[in-house]
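*Asks:* To be precise about what I am sending: the file is called work31.csv and holds CSV, C-alpha atoms and all ligand atoms.
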chain,number,residue,atom,x,y,z
A,178,MET,CA,-17.2,10.3,-1.2
A,179,TRP,CA,-19.9,7.7,-0.2
A,180,LEU,CA,-21.9,5.8,-2.7
A,181,ALA,CA,-25.3,4.5,-1.5
A,182,MET,CA,-25.7,0.9,-2.5
A,183,SER,CA,-29.4,1.5,-3.3
A,184,ASP,CA,-28.3,3.8,-6.1
A,185,LEU,CA,-26.3,1.0,-7.8
A,186,PRO,CA,-28.1,-1.1,-10.4
A,187,ALA,CA,-28.3,-4.9,-9.5
A,188,GLU,CA,-26.0,-5.7,-12.4
A,189,GLY,CA,-23.3,-3.4,-11.0
A,190,ARG,CA,-21.6,-0.2,-12.1
A,191,ARG,CA,-18.2,0.6,-13.5
A,192,LEU,CA,-16.5,3.6,-11.9
A,193,THR,CA,-13.2,5.3,-12.9
A,194,PHE,CA,-11.0,7.4,-10.7
A,195,ASP,CA,-8.0,9.6,-11.6
A,196,ASP,CA,-8.1,12.3,-8.9
A,197,PRO,CA,-4.6,12.4,-7.5
A,198,ALA,CA,-5.9,13.5,-4.1
A,199,ILE,CA,-7.2,10.0,-3.5
A,200,TRP,CA,-3.6,9.0,-3.0
A,201,THR,CA,-1.7,12.2,-2.3
A,202,VAL,CA,-3.8,13.2,0.7
A,203,PRO,CA,-3.2,10.0,2.7
A,204,LEU,CA,0.4,9.9,1.6
A,205,GLN,CA,0.9,13.3,3.0
A,206,GLU,CA,-1.1,12.5,6.1
A,207,PHE,CA,1.0,9.4,6.9
A,208,GLY,CA,4.2,11.2,5.9
A,209,ILE,CA,5.1,8.5,3.3
A,210,PRO,CA,8.0,9.8,1.1
A,211,CYS,CA,6.3,8.6,-2.1
A,212,ARG,CA,6.1,10.6,-5.3
A,213,ILE,CA,3.7,9.9,-8.1
A,214,LEU,CA,5.6,9.7,-11.4
A,215,VAL,CA,2.9,8.5,-13.7
A,216,PRO,CA,-0.7,9.5,-12.6
A,217,LEU,CA,-2.6,6.7,-10.9
A,218,GLU,CA,-5.7,5.5,-12.6
A,219,ALA,CA,-8.2,3.1,-11.2
A,220,GLU,CA,-11.3,1.3,-12.4
A,221,LEU,CA,-13.8,-0.4,-10.1
A,222,PHE,CA,-16.7,-2.6,-11.0
A,223,VAL,CA,-19.1,-2.6,-8.0
A,224,VAL,CA,-21.9,-5.2,-7.7
A,225,PRO,CA,-24.3,-4.9,-4.7
A,226,HIS,CA,-25.0,-8.2,-3.0
A,227,HIS,CA,-28.1,-9.0,-0.9
A,228,GLY,CA,-29.1,-12.2,0.8
A,229,ASP,CA,-27.4,-15.4,2.0
A,230,GLY,CA,-27.4,-13.7,5.4
A,231,VAL,CA,-24.6,-11.3,4.3
A,232,ASP,CA,-25.2,-8.0,2.5
A,233,GLY,CA,-22.2,-6.3,1.0
A,234,CYS,CA,-20.7,-5.5,-2.4
A,235,PHE,CA,-18.4,-7.4,-4.7
A,236,ILE,CA,-15.7,-5.2,-6.1
A,237,ARG,CA,-13.4,-6.0,-9.0
A,238,GLY,CA,-10.8,-3.4,-9.9
A,239,THR,CA,-7.5,-2.4,-11.5
A,240,LEU,CA,-5.0,0.2,-10.4
A,241,ARG,CA,-2.2,1.4,-12.7
A,242,GLY,CA,0.5,4.1,-12.4
A,243,GLU,CA,4.0,4.6,-11.4
A,244,VAL,CA,5.5,6.0,-8.1
A,245,SER,CA,8.8,6.4,-6.5
A,246,LEU,CA,9.9,5.5,-2.9
A,247,PRO,CA,13.4,5.8,-1.4
A,248,CYS,CA,15.4,2.6,-2.0
A,249,ASN,CA,15.7,0.4,1.0
A,250,ARG,CA,19.5,0.0,0.6
A,251,CYS,CA,20.8,3.3,-0.9
A,252,ALA,CA,17.9,5.8,-0.4
A,253,GLU,CA,17.9,6.9,-4.0
A,254,ASP,CA,14.6,6.9,-5.9
A,255,ALA,CA,13.2,3.5,-6.6
A,256,ARG,CA,10.7,3.5,-9.4
A,257,ILE,CA,7.7,1.3,-8.7
A,258,VAL,CA,5.2,0.3,-11.4
A,259,ILE,CA,1.8,-0.1,-9.9
A,260,ASN,CA,-0.1,-2.7,-11.9
A,261,SER,CA,-2.6,-4.3,-9.7
A,262,ASP,CA,-5.8,-6.3,-10.3
A,263,PHE,CA,-7.9,-7.1,-7.3
A,264,GLU,CA,-11.2,-8.7,-6.3
A,265,THR,CA,-12.8,-8.3,-2.9
A,266,PHE,CA,-16.1,-8.7,-1.1
A,267,GLU,CA,-16.9,-6.0,1.4
A,268,PRO,CA,-19.6,-7.1,3.9
A,269,PHE,CA,-21.7,-4.4,5.4
A,270,PRO,CA,-21.6,-4.2,9.2
A,271,VAL,CA,-24.8,-5.6,10.7
A,272,GLU,CA,-27.1,-3.0,12.3
A,273,HIS,CA,-26.1,-3.5,16.0
A,274,ASP,CA,-22.3,-3.6,15.0
A,275,ALA,CA,-22.8,-0.3,13.2
A,276,GLU,CA,-24.4,1.2,16.3
A,277,ARG,CA,-21.6,0.0,18.5
A,278,ALA,CA,-19.0,1.3,16.0
A,279,SER,CA,-20.6,4.8,16.0
A,280,GLN,CA,-20.7,4.7,19.8
A,281,GLN,CA,-17.0,3.8,19.9
A,282,GLU,CA,-16.4,6.6,17.4
A,283,ARG,CA,-18.1,9.1,19.7
A,284,LEU,CA,-16.1,7.8,22.7
A,285,SER,CA,-12.7,8.1,21.0
A,286,SER,CA,-13.5,11.2,18.9
A,287,ASP,CA,-9.9,12.4,19.6
A,288,ASP,CA,-8.4,9.5,17.6
A,289,VAL,CA,-8.5,9.7,13.8
A,290,PRO,CA,-10.7,6.7,12.9
A,291,ASP,CA,-9.5,4.4,10.2
A,292,GLU,CA,-11.1,5.3,6.9
A,293,GLU,CA,-14.0,2.8,6.5
A,294,VAL,CA,-14.7,1.2,3.1
A,295,VAL,CA,-18.3,0.3,3.9
A,296,ARG,CA,-20.7,1.6,6.5
A,297,ILE,CA,-24.4,1.8,7.4
A,298,LYS,CA,-25.5,5.4,7.9
A,299,ASP,CA,-29.1,6.2,8.8
A,300,GLY,CA,-30.0,2.7,7.7
A,301,VAL,CA,-28.4,3.1,4.3
A,302,ALA,CA,-25.5,0.9,3.2
A,303,GLN,CA,-22.7,2.9,1.7
A,304,PHE,CA,-19.4,2.2,0.0
A,305,ASN,CA,-16.4,4.5,0.0
A,306,PRO,CA,-14.4,3.8,-3.2
A,307,GLN,CA,-11.5,6.2,-2.2
A,308,ALA,CA,-10.8,4.3,1.0
A,309,LEU,CA,-10.7,1.0,-0.9
A,310,LEU,CA,-8.4,2.6,-3.6
A,311,TRP,CA,-6.0,3.8,-0.8
A,312,GLU,CA,-6.0,0.3,0.7
A,313,GLU,CA,-5.2,-1.3,-2.6
A,314,PHE,CA,-2.5,1.2,-3.4
A,315,SER,CA,-0.8,0.6,0.0
A,316,LEU,CA,-1.0,-3.1,-0.6
A,317,ALA,CA,0.7,-2.7,-4.0
A,318,LEU,CA,3.7,-0.9,-2.5
A,319,PRO,CA,6.7,-3.1,-1.8
A,320,VAL,CA,7.8,-3.4,1.9
A,321,LYS,CA,11.4,-3.0,0.9
A,322,PRO,CA,11.6,-1.0,-2.3
A,323,LEU,CA,14.8,-1.3,-4.4
A,324,CYS,CA,16.1,1.1,-7.0
A,325,ARG,CA,17.3,-2.0,-8.9
A,326,PRO,CA,17.3,-5.7,-7.9
A,327,ASP,CA,21.1,-5.8,-7.4
A,328,CYS,CA,21.4,-2.5,-5.6
A,329,LYS,CA,24.8,-2.6,-3.7
A,330,GLY,CA,23.6,-0.1,-1.1
A,331,LEU,CA,25.7,2.3,1.0
A,332,CYS,CA,29.1,1.5,2.4
A,333,PRO,CA,28.6,1.0,6.1
A,334,VAL,CA,31.9,2.8,6.8
A,335,CYS,CA,31.8,6.0,4.7
A,336,GLY,CA,28.2,6.0,3.4
A,337,HIS,CA,29.3,6.1,-0.2
A,338,ASN,CA,26.7,4.8,-2.7
A,339,ARG,CA,28.3,1.6,-3.9
A,340,ASN,CA,26.2,1.7,-7.1
A,341,LYS,CA,28.4,4.7,-8.2
A,342,GLY,CA,31.7,2.7,-7.8
A,343,ASP,CA,33.8,1.3,-5.0
A,344,CYS,CA,35.1,3.5,-2.2
A,345,SER,CA,38.5,3.0,-0.6
A,346,CYS,CA,36.9,1.1,2.3
A,347,ALA,CA,35.7,-1.7,0.0
A,348,THR,CA,39.2,-3.1,-0.6
A,349,GLU,CA,40.2,-3.0,3.0
A,350,GLU,CA,37.3,-5.1,4.1
A,351,GLY,CA,38.3,-7.8,1.6
A,352,ASP,CA,36.6,-11.1,1.3
A,353,PRO,CA,35.0,-12.1,4.6
A,354,ARG,CA,36.0,-15.8,4.0
A,355,LEU,CA,39.7,-14.8,3.6
A,356,ALA,CA,39.5,-12.6,6.7
A,357,ALA,CA,38.3,-15.6,8.7
A,358,LEU,CA,41.2,-17.6,7.3
A,359,LYS,CA,43.7,-14.9,8.3
A,360,LEU,CA,42.4,-15.0,11.9
A,361,PHE,CA,42.6,-18.8,11.8
A,362,THR,CA,46.1,-19.2,10.4
A,363,PRO,CA,48.3,-17.9,13.2
A,364,THR,CA,46.7,-20.3,15.8
A,365,ARG,CA,47.1,-23.4,13.6
A,366,LYS,CA,49.6,-25.8,14.9
A,367,GLN,CA,51.3,-28.5,12.9
A,401,ZN,ZN,19.3,1.4,-4.2
A,402,ZN,ZN,33.3,3.3,2.2
I'd like the structure from this file rewritten - as structure tokens, please.
*Replies:*
Amino acid sequence: MWLAMSDLPAEGRRLTFDDPAIWTVPLQEFGIPCRILVPLEAELFVVPHHGDGVDGCFIRGTLRGEVSLPCNRCAEDARIVINSDFETFEPFPVEHDAERASQQERLSSDDVPDEEVVRIKDGVAQFNPQALLWEEFSLALPVKPLCRPDCKGLCPVCGHNRNKGDCSCATEEGDPRLAALKLFTPTRKQ
């Protein structure tokens, strides 16, 4: 979905998005094990900008919803509340850059090109809100999701989920500081 900037009024336009495909299609494409728990809803306010040597568009937006990712420590579902406010300026590529980009695209047509947020096509500046919403969504995801801040993770010995109680390995390991003392004691001379 491309919006021609020339179709936008100078004072800007408010756009709302709730089509799950905006997020589910790239999630599937990139194989990200993320499930949507509360449907994502986004609002964008797009203002075209001309002059000062840079043409582009100012975008202010919100993205809300709830998703789940596997916990970084125990692999159980981690619920992630998406509640993001963002502001960005997307400059349009200048004409010769755009030509070069399209040449490169032809050269490397086998590769899947990154989804562009803005482009110049046939001399018309265009904006792709879905690409921006995907970018903002991926920025809102934590690098290391946790099911809870104090997740105890899995036992490295038996793989037991330590949030569901201790396994028998836990007591054997003991306190690492005491273990160090035990090693130290026999060699101590008085
Ligand atoms: Zn966890
Ligand atoms: Zn264990």
*Asks:* If the limit is 12 Å from any atom of ligand ZN 402 (chain A), counting all atoms listed in the file, which residues qualify? Return them as a PyMOL selection string.
*Replies:* chain A and resi 329-350
*Asks:* Any chance you could tabulate, as a tab-separated table, the residues of chain A at most 10 Å from ligand ZN 401 (chain A) with each one's nearest atom pair and distance in Å to one decimal, using all atoms listed in the file, in chain and rising number order?
*Replies:*
residue	atom	partner	partner_atom	distance
A:Pro247	CA	A:ZN401	ZN	7.9
A:Cys248	CA	A:ZN401	ZN	4.6
A:Asn249	CA	A:ZN401	ZN	6.4
A:Arg250	CA	A:ZN401	ZN	5.0
A:Cys251	CA	A:ZN401	ZN	4.1
A:Ala252	CA	A:ZN401	ZN	6.0
A:Glu253	CA	A:ZN401	ZN	5.7
A:Asp254	CA	A:ZN401	ZN	7.4
A:Ala255	CA	A:ZN401	ZN	6.9
A:Pro322	CA	A:ZN401	ZN	8.3
A:Leu323	CA	A:ZN401	ZN	5.3
A:Cys324	CA	A:ZN401	ZN	4.3
A:Arg325	CA	A:ZN401	ZN	6.1
A:Pro326	CA	A:ZN401	ZN	8.3
A:Asp327	CA	A:ZN401	ZN	8.1
A:Cys328	CA	A:ZN401	ZN	4.6
A:Lys329	CA	A:ZN401	ZN	6.8
A:Gly330	CA	A:ZN401	ZN	5.5
A:Leu331	CA	A:ZN401	ZN	8.3
A:Asn338	CA	A:ZN401	ZN	8.3
A:Arg339	CA	A:ZN401	ZN	9.0
A:Asn340	CA	A:ZN401	ZN	7.5
*Asks:* Using all atoms listed in the file for the distances, tell me which of A:Glu312, A:Leu221, A:Phe304, A:Cys234 is nearest to Leu192 in chain A.
*Replies:* A:Leu221
*Asks:* A:Gly300, A:Pro268, A:Pro319, A:Pro306: which is nearest Asp229 in chain A, counting all atoms listed in the file?
*Replies:*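 The shortest atom-to-atom distance to Asp229 in chain A comes from A:Pro268.
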*Asks:* For Pro186 in chain A, which residue among A:Val320, A:Pro225, A:Leu204, A:Pro210 is the nearest when counting all atoms listed in the file?
*Replies:* A:Pro225
*Asks:* Once you count all atoms listed in the file, which residues end up no further than 6 Å from (-25.3, 0.7, -1.6) in the file's frame, shown as a list of chain:residue names?
*Replies:*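 It turns out the residues near that spot are A:Ala181, A:Met182, A:Ser183, A:Ala302, A:Gln303.
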*Asks:* Determine the axis-aligned bounding box of all atoms of range 182-198 of chain A present in the file, pad each side by 8 Å, and express its centre and edge lengths in Å to one decimal place as AutoDock Vina command-line options.
*Replies:*
--center_x -17.0 --center_y 3.9 --center_z -8.0 --size_x 40.8 --size_y 35.2 --size_z 27.0
*Asks:* Could you check how far CA of Arg190 in chain A sits from CA of Phe269 in chain A, in Å to one decimal?
*Replies:*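 A separation of 18.0 Å between them.
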*Asks:* Smallest atom-to-atom distance to Leu246 in chain A: which of A:Glu293, A:Ile213, A:Val231, A:Ser261, using only C-alpha atoms?
*Replies:*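 The closest residue to Leu246 in chain A is A:Ile213.
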*Asks:* Mind giving me the straight-line distance from CA of Phe194 in chain A to CA of Asp232 in chain A in Å, one decimal?
*Replies:*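 CA of Phe194 in chain A sits 24.8 Å away from CA of Asp232 in chain A.
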*Asks:* Could you give me, as a PyMOL selection string, the residues that sit within 7 Å of (-3.6, 1.8, -8.9) in the file's coordinates, counting all atoms listed in the file?
*Replies:* chain A and resi 217-219+239-242+259-261+314
